[in-house]
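> For reference, the file structure.pdb (PDB, C-alpha atoms, pLDDT in the B column) is included below:
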```pdb
ATOM      1  CA  MET C   1     -11.482  -5.172   1.486  1.00 82.00           C
ATOM      2  CA  LEU C   2     -10.016  -2.165  -0.264  1.00 86.00           C
ATOM      3  CA  VAL C   3      -6.283  -1.543  -0.724  1.00 88.00           C
ATOM      4  CA  TYR C   4      -5.682   2.135  -1.426  1.00 91.00           C
ATOM      5  CA  ASN C   5      -2.911   4.698  -1.766  1.00 93.00           C
ATOM      6  CA  GLY C   6      -2.942   8.168  -0.293  1.00 93.00           C
ATOM      7  CA  ALA C   7      -0.729  11.036   0.807  1.00 93.00           C
ATOM      8  CA  ASP C   8      -0.500  12.950   4.044  1.00 91.00           C
ATOM      9  CA  ASP C   9      -0.102  16.711   4.398  1.00 93.00           C
ATOM     10  CA  LYS C  10       3.693  16.358   3.885  1.00 92.00           C
ATOM     11  CA  LEU C  11       3.127  14.497   0.578  1.00 92.00           C
ATOM     12  CA  VAL C  12       4.376  11.145   1.864  1.00 94.00           C
ATOM     13  CA  TYR C  13       2.502   8.511  -0.165  1.00 94.00           C
ATOM     14  CA  ARG C  14       1.517   5.326   1.669  1.00 93.00           C
ATOM     15  CA  THR C  15      -0.715   2.288   1.263  1.00 93.00           C
ATOM     16  CA  ALA C  16      -3.529   1.327   3.618  1.00 91.00           C
ATOM     17  CA  VAL C  17      -6.403  -1.167   3.814  1.00 88.00           C
ATOM     18  CA  ALA C  18     -10.081  -0.709   4.612  1.00 87.00           C
ATOM     19  CA  VAL C  19     -12.273  -3.698   5.464  1.00 87.00           C
ATOM     20  CA  PHE C  20     -15.999  -3.274   4.893  1.00 89.00           C
ATOM     21  CA  ASP C  21     -18.950  -5.114   6.411  1.00 90.00           C
ATOM     22  CA  ARG C  22     -20.237  -7.715   3.941  1.00 89.00           C
ATOM     23  CA  HIS C  23     -23.888  -6.925   4.659  1.00 94.00           C
ATOM     24  CA  ASP C  24     -23.600  -3.159   5.033  1.00 93.00           C
ATOM     25  CA  PRO C  25     -20.621  -1.724   3.123  1.00 89.00           C
ATOM     26  CA  ARG C  26     -21.172   1.660   4.779  1.00 88.00           C
ATOM     27  CA  LYS C  27     -19.632   0.127   7.902  1.00 88.00           C
ATOM     28  CA  THR C  28     -15.956  -0.604   8.458  1.00 85.00           C
ATOM     29  CA  PRO C  29     -15.817  -3.023  11.402  1.00 80.00           C
ATOM     30  CA  PHE C  30     -12.015  -3.322  11.330  1.00 76.00           C
ATOM     31  CA  PRO C  31     -10.636   0.202  11.025  1.00 68.00           C
ATOM     32  CA  LEU C  32      -6.866   0.398  10.651  1.00 72.00           C
ATOM     33  CA  ARG C  33      -5.234   3.380  12.286  1.00 70.00           C
ATOM     34  CA  ARG C  34      -1.938   3.134  10.405  1.00 77.00           C
ATOM     35  CA  SER C  35      -0.577   2.401   6.969  1.00 89.00           C
ATOM     36  CA  ILE C  36       0.482  -1.092   5.938  1.00 89.00           C
ATOM     37  CA  PHE C  37       3.206   0.064   3.537  1.00 92.00           C
ATOM     38  CA  VAL C  38       5.332   3.210   3.738  1.00 94.00           C
ATOM     39  CA  PRO C  39       8.513   4.460   2.041  1.00 95.00           C
ATOM     40  CA  GLU C  40      11.443   2.822   3.860  1.00 93.00           C
ATOM     41  CA  LYS C  41      14.233   2.119   1.396  1.00 91.00           C
ATOM     42  CA  GLU C  42      16.557   4.903   0.300  1.00 89.00           C
ATOM     43  CA  TRP C  43      15.410   4.726  -3.336  1.00 86.00           C
ATOM     44  CA  GLU C  44      11.769   5.003  -2.198  1.00 89.00           C
ATOM     45  CA  LYS C  45      12.561   8.113  -0.184  1.00 90.00           C
ATOM     46  CA  SER C  46      14.944  10.110  -2.362  1.00 84.00           C
ATOM     47  CA  CYS C  47      14.602   9.522  -6.108  1.00 77.00           C
ATOM     48  CA  GLN C  48      12.742  11.518  -8.752  1.00 80.00           C
ATOM     49  CA  VAL C  49       9.681  12.125  -6.535  1.00 84.00           C
ATOM     50  CA  PRO C  50      10.674  11.428  -2.911  1.00 90.00           C
ATOM     51  CA  ASN C  51       8.656   9.585  -0.246  1.00 93.00           C
ATOM     52  CA  VAL C  52       6.365   7.698  -2.603  1.00 92.00           C
ATOM     53  CA  VAL C  53       5.196   4.070  -2.658  1.00 93.00           C
ATOM     54  CA  PHE C  54       1.995   3.102  -4.435  1.00 90.00           C
ATOM     55  CA  VAL C  55       0.600  -0.386  -4.859  1.00 92.00           C
ATOM     56  CA  GLU C  56      -0.457  -1.177  -8.416  1.00 90.00           C
ATOM     57  CA  GLY C  57      -1.466  -4.832  -8.234  1.00 91.00           C
ATOM     58  CA  LEU C  58      -1.933  -7.802  -5.906  1.00 88.00           C
ATOM     59  CA  VAL C  59      -1.121 -11.440  -6.756  1.00 92.00           C
ATOM     60  CA  GLN C  60      -1.783 -14.588  -4.747  1.00 91.00           C
ATOM     61  CA  GLU C  61       0.800 -17.379  -4.920  1.00 94.00           C
ATOM     62  CA  LYS C  62      -0.306 -20.407  -2.888  1.00 94.00           C
ATOM     63  CA  ASN C  63      -0.990 -19.051   0.615  1.00 92.00           C
ATOM     64  CA  ARG C  64       0.929 -15.774   0.228  1.00 91.00           C
ATOM     65  CA  PHE C  65       0.027 -12.441  -1.315  1.00 85.00           C
ATOM     66  CA  PHE C  66       2.503 -10.232  -3.141  1.00 90.00           C
ATOM     67  CA  PHE C  67       1.903  -6.738  -4.338  1.00 88.00           C
ATOM     68  CA  TYR C  68       3.540  -4.920  -7.184  1.00 91.00           C
ATOM     69  CA  TYR C  69       4.302  -1.316  -6.483  1.00 91.00           C
ATOM     70  CA  GLY C  70       5.943   1.785  -7.843  1.00 88.00           C
ATOM     71  CA  ALA C  71       8.222   4.044  -5.879  1.00 86.00           C
ATOM     72  CA  ALA C  72       9.512   7.581  -6.258  1.00 82.00           C
ATOM     73  CA  ASP C  73       7.936   7.732  -9.760  1.00 70.00           C
ATOM     74  CA  LYS C  74      10.927   5.813 -11.081  1.00 62.00           C
ATOM     75  CA  PHE C  75      10.988   2.181  -9.906  1.00 59.00           C
ATOM     76  CA  ASN C  76       8.683  -0.839  -9.968  1.00 61.00           C
ATOM     77  CA  ARG C  77       9.168  -3.707  -7.542  1.00 61.00           C
ATOM     78  CA  ARG C  78       7.456  -6.777  -6.128  1.00 60.00           C
ATOM     79  CA  ARG C  79       7.136  -7.335  -2.413  1.00 61.00           C
TER
END
```
Spit out the file's structure as structure tokens when you get a sec.


Amino acid sequence: MLVYNGADDKLVYRTAVAVFDRHDPRKTPFPLRRSIFVPEKEWEKSCQVPNVVFVEGLVQEKNRFFFYYGAADKFNRRR
């Protein structure tokens, strides 16, 4: 599994996931057609650099996963 950040042609930065086949990593048997994390909050959409969220780390706590992310080139949060 790969968690990655990218931008579209309107420079909206989002986070997505790619899942690769364990035996042949050239294959992605579970393609995702949409992002898993997009700018939603006002401060993610309108601060220093608008429309930006980018995951920087992933932490497991018991049976839940949290990711740490930056937004609008100004804030860092945990979700």

> Which neighbours of Gly70 of chain C fall inside 12 Å, counting only C-alpha atoms, when residues of the same chain fewer than 6 positions from it are skipped, and could you give them as number ranges by chain?

C: 5, 13-15, 37-39, 43-45, 47-57, 76-79

> Figure out the distance between atom CA of Ala71 of chain C and atom CA of Phe30 of chain C, please, to one decimal in Å.

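Separating atom CA of Phe30 of chain C from atom CA of Ala71 of chain C is a distance of 27.6 Å.
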
> Which is closer to Ser35 of chain C than all the others in C:Tyr4, C:Asp9, C:Arg64, C:Ala16, using all atoms listed in the file?

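Looking at the shortest contact to Ser35 of chain C, the residue is C:Ala16.
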
> So how many Å separate atom CA of Pro25 of chain C and atom CA of Asn63 of chain C, to one decimal?

26.3 Å

> Just want the 10 Å neighbourhood of Leu32 of chain C, counted on all atoms listed in the file, with same-chain residues fewer than 3 positions away dropped. Output as a list in words.

Ala16, Val17, Ala18, Val19, Thr28, Pro29, Ser35 and Ile36 of chain C

> For the residues in the current selection, export C-alpha atoms as an mmCIF file, in the coordinates of the input.


```
data_model
loop_
_atom_site.group_PDB
_atom_site.id
_atom_site.type_symbol
_atom_site.label_atom_id
_atom_site.label_comp_id
_atom_site.auth_asym_id
_atom_site.auth_seq_id
_atom_site.Cartn_x
_atom_site.Cartn_y
_atom_site.Cartn_z
ATOM 1 C CA ALA C 16 -3.529 1.327 3.618
ATOM 2 C CA VAL C 17 -6.403 -1.167 3.814
ATOM 3 C CA ALA C 18 -10.081 -0.709 4.612
ATOM 4 C CA VAL C 19 -12.273 -3.698 5.464
ATOM 5 C CA THR C 28 -15.956 -0.604 8.458
ATOM 6 C CA PRO C 29 -15.817 -3.023 11.402
ATOM 7 C CA SER C 35 -0.577 2.401 6.969
ATOM 8 C CA ILE C 36 0.482 -1.092 5.938
#
```

> State, in Å with one decimal place, the distance from atom CA of Val12 of chain C to atom CA of Glu40 of chain C.

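Taking atom CA of Val12 of chain C and atom CA of Glu40 of chain C, their separation equals 11.1 Å.
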
> For Val3 of chain C, which residue out of C:Leu58, C:Asp73, C:Ser46, C:Phe65 is the nearest one, using all atoms listed in the file?

C:Leu58

> To test the calculation: enclose all listed atoms of segment 17-22 of chain C in a box whose edges run along x, y and z, add 5 Å on each side, then state centre and edge lengths in Å to one decimal, as lines of an AutoDock Vina configuration file.


```
center_x = -13.3
center_y = -4.2
center_z = 5.1
size_x = 23.8
size_y = 17.0
size_z = 12.6
```

> Will you model N, CA, C and O atoms for segment 13-26 of chain C and pass it back as a JSON list (two decimals), in the coordinates of the input?


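For reference, out.json as written:
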```json
[["chain", "number", "residue", "atom", "x", "y", "z"],
["C", 13, "TYR", "N", 3.50, 9.43, 0.37],
["C", 13, "TYR", "CA", 2.50, 8.51, -0.16],
["C", 13, "TYR", "C", 2.66, 7.15, 0.49],
["C", 13, "TYR", "O", 3.76, 6.61, 0.56],
["C", 14, "ARG", "N", 1.54, 6.59, 0.95],
["C", 14, "ARG", "CA", 1.52, 5.33, 1.67],
["C", 14, "ARG", "C", 0.37, 4.47, 1.16],
["C", 14, "ARG", "O", -0.50, 4.95, 0.44],
["C", 15, "THR", "N", 0.35, 3.22, 1.62],
["C", 15, "THR", "CA", -0.72, 2.29, 1.26],
["C", 15, "THR", "C", -1.42, 1.84, 2.54],
["C", 15, "THR", "O", -0.77, 1.60, 3.56],
["C", 16, "ALA", "N", -2.73, 1.75, 2.47],
["C", 16, "ALA", "CA", -3.53, 1.33, 3.62],
["C", 16, "ALA", "C", -4.61, 0.36, 3.15],
["C", 16, "ALA", "O", -4.78, 0.13, 1.95],
["C", 17, "VAL", "N", -5.34, -0.21, 4.11],
["C", 17, "VAL", "CA", -6.40, -1.17, 3.81],
["C", 17, "VAL", "C", -7.65, -0.76, 4.58],
["C", 17, "VAL", "O", -7.56, -0.35, 5.74],
["C", 18, "ALA", "N", -8.79, -0.89, 3.94],
["C", 18, "ALA", "CA", -10.08, -0.71, 4.61],
["C", 18, "ALA", "C", -10.87, -2.00, 4.43],
["C", 18, "ALA", "O", -10.92, -2.56, 3.34],
["C", 19, "VAL", "N", -11.46, -2.49, 5.51],
["C", 19, "VAL", "CA", -12.27, -3.70, 5.46],
["C", 19, "VAL", "C", -13.72, -3.28, 5.73],
["C", 19, "VAL", "O", -14.01, -2.63, 6.73],
["C", 20, "PHE", "N", -14.60, -3.67, 4.81],
["C", 20, "PHE", "CA", -16.00, -3.27, 4.89],
["C", 20, "PHE", "C", -16.87, -4.44, 5.34],
["C", 20, "PHE", "O", -16.58, -5.60, 5.06],
["C", 21, "ASP", "N", -17.96, -4.13, 6.00],
["C", 21, "ASP", "CA", -18.95, -5.11, 6.41],
["C", 21, "ASP", "C", -19.60, -5.71, 5.16],
["C", 21, "ASP", "O", -20.02, -4.98, 4.27],
["C", 22, "ARG", "N", -19.68, -7.02, 5.11],
["C", 22, "ARG", "CA", -20.24, -7.72, 3.94],
["C", 22, "ARG", "C", -21.71, -7.38, 3.71],
["C", 22, "ARG", "O", -22.17, -7.29, 2.58],
["C", 23, "HIS", "N", -22.45, -7.17, 4.78],
["C", 23, "HIS", "CA", -23.89, -6.92, 4.66],
["C", 23, "HIS", "C", -24.24, -5.45, 4.59],
["C", 23, "HIS", "O", -25.31, -5.09, 4.09],
["C", 24, "ASP", "N", -23.36, -4.60, 5.08],
["C", 24, "ASP", "CA", -23.60, -3.16, 5.03],
["C", 24, "ASP", "C", -22.27, -2.47, 4.75],
["C", 24, "ASP", "O", -21.53, -2.12, 5.66],
["C", 25, "PRO", "N", -21.93, -2.28, 3.48],
["C", 25, "PRO", "CA", -20.62, -1.72, 3.12],
["C", 25, "PRO", "C", -20.39, -0.29, 3.58],
["C", 25, "PRO", "O", -19.29, 0.24, 3.44],
["C", 26, "ARG", "N", -21.39, 0.33, 4.18],
["C", 26, "ARG", "CA", -21.17, 1.66, 4.78],
["C", 26, "ARG", "C", -20.40, 1.55, 6.08],
["C", 26, "ARG", "O", -19.85, 2.54, 6.57]]
```
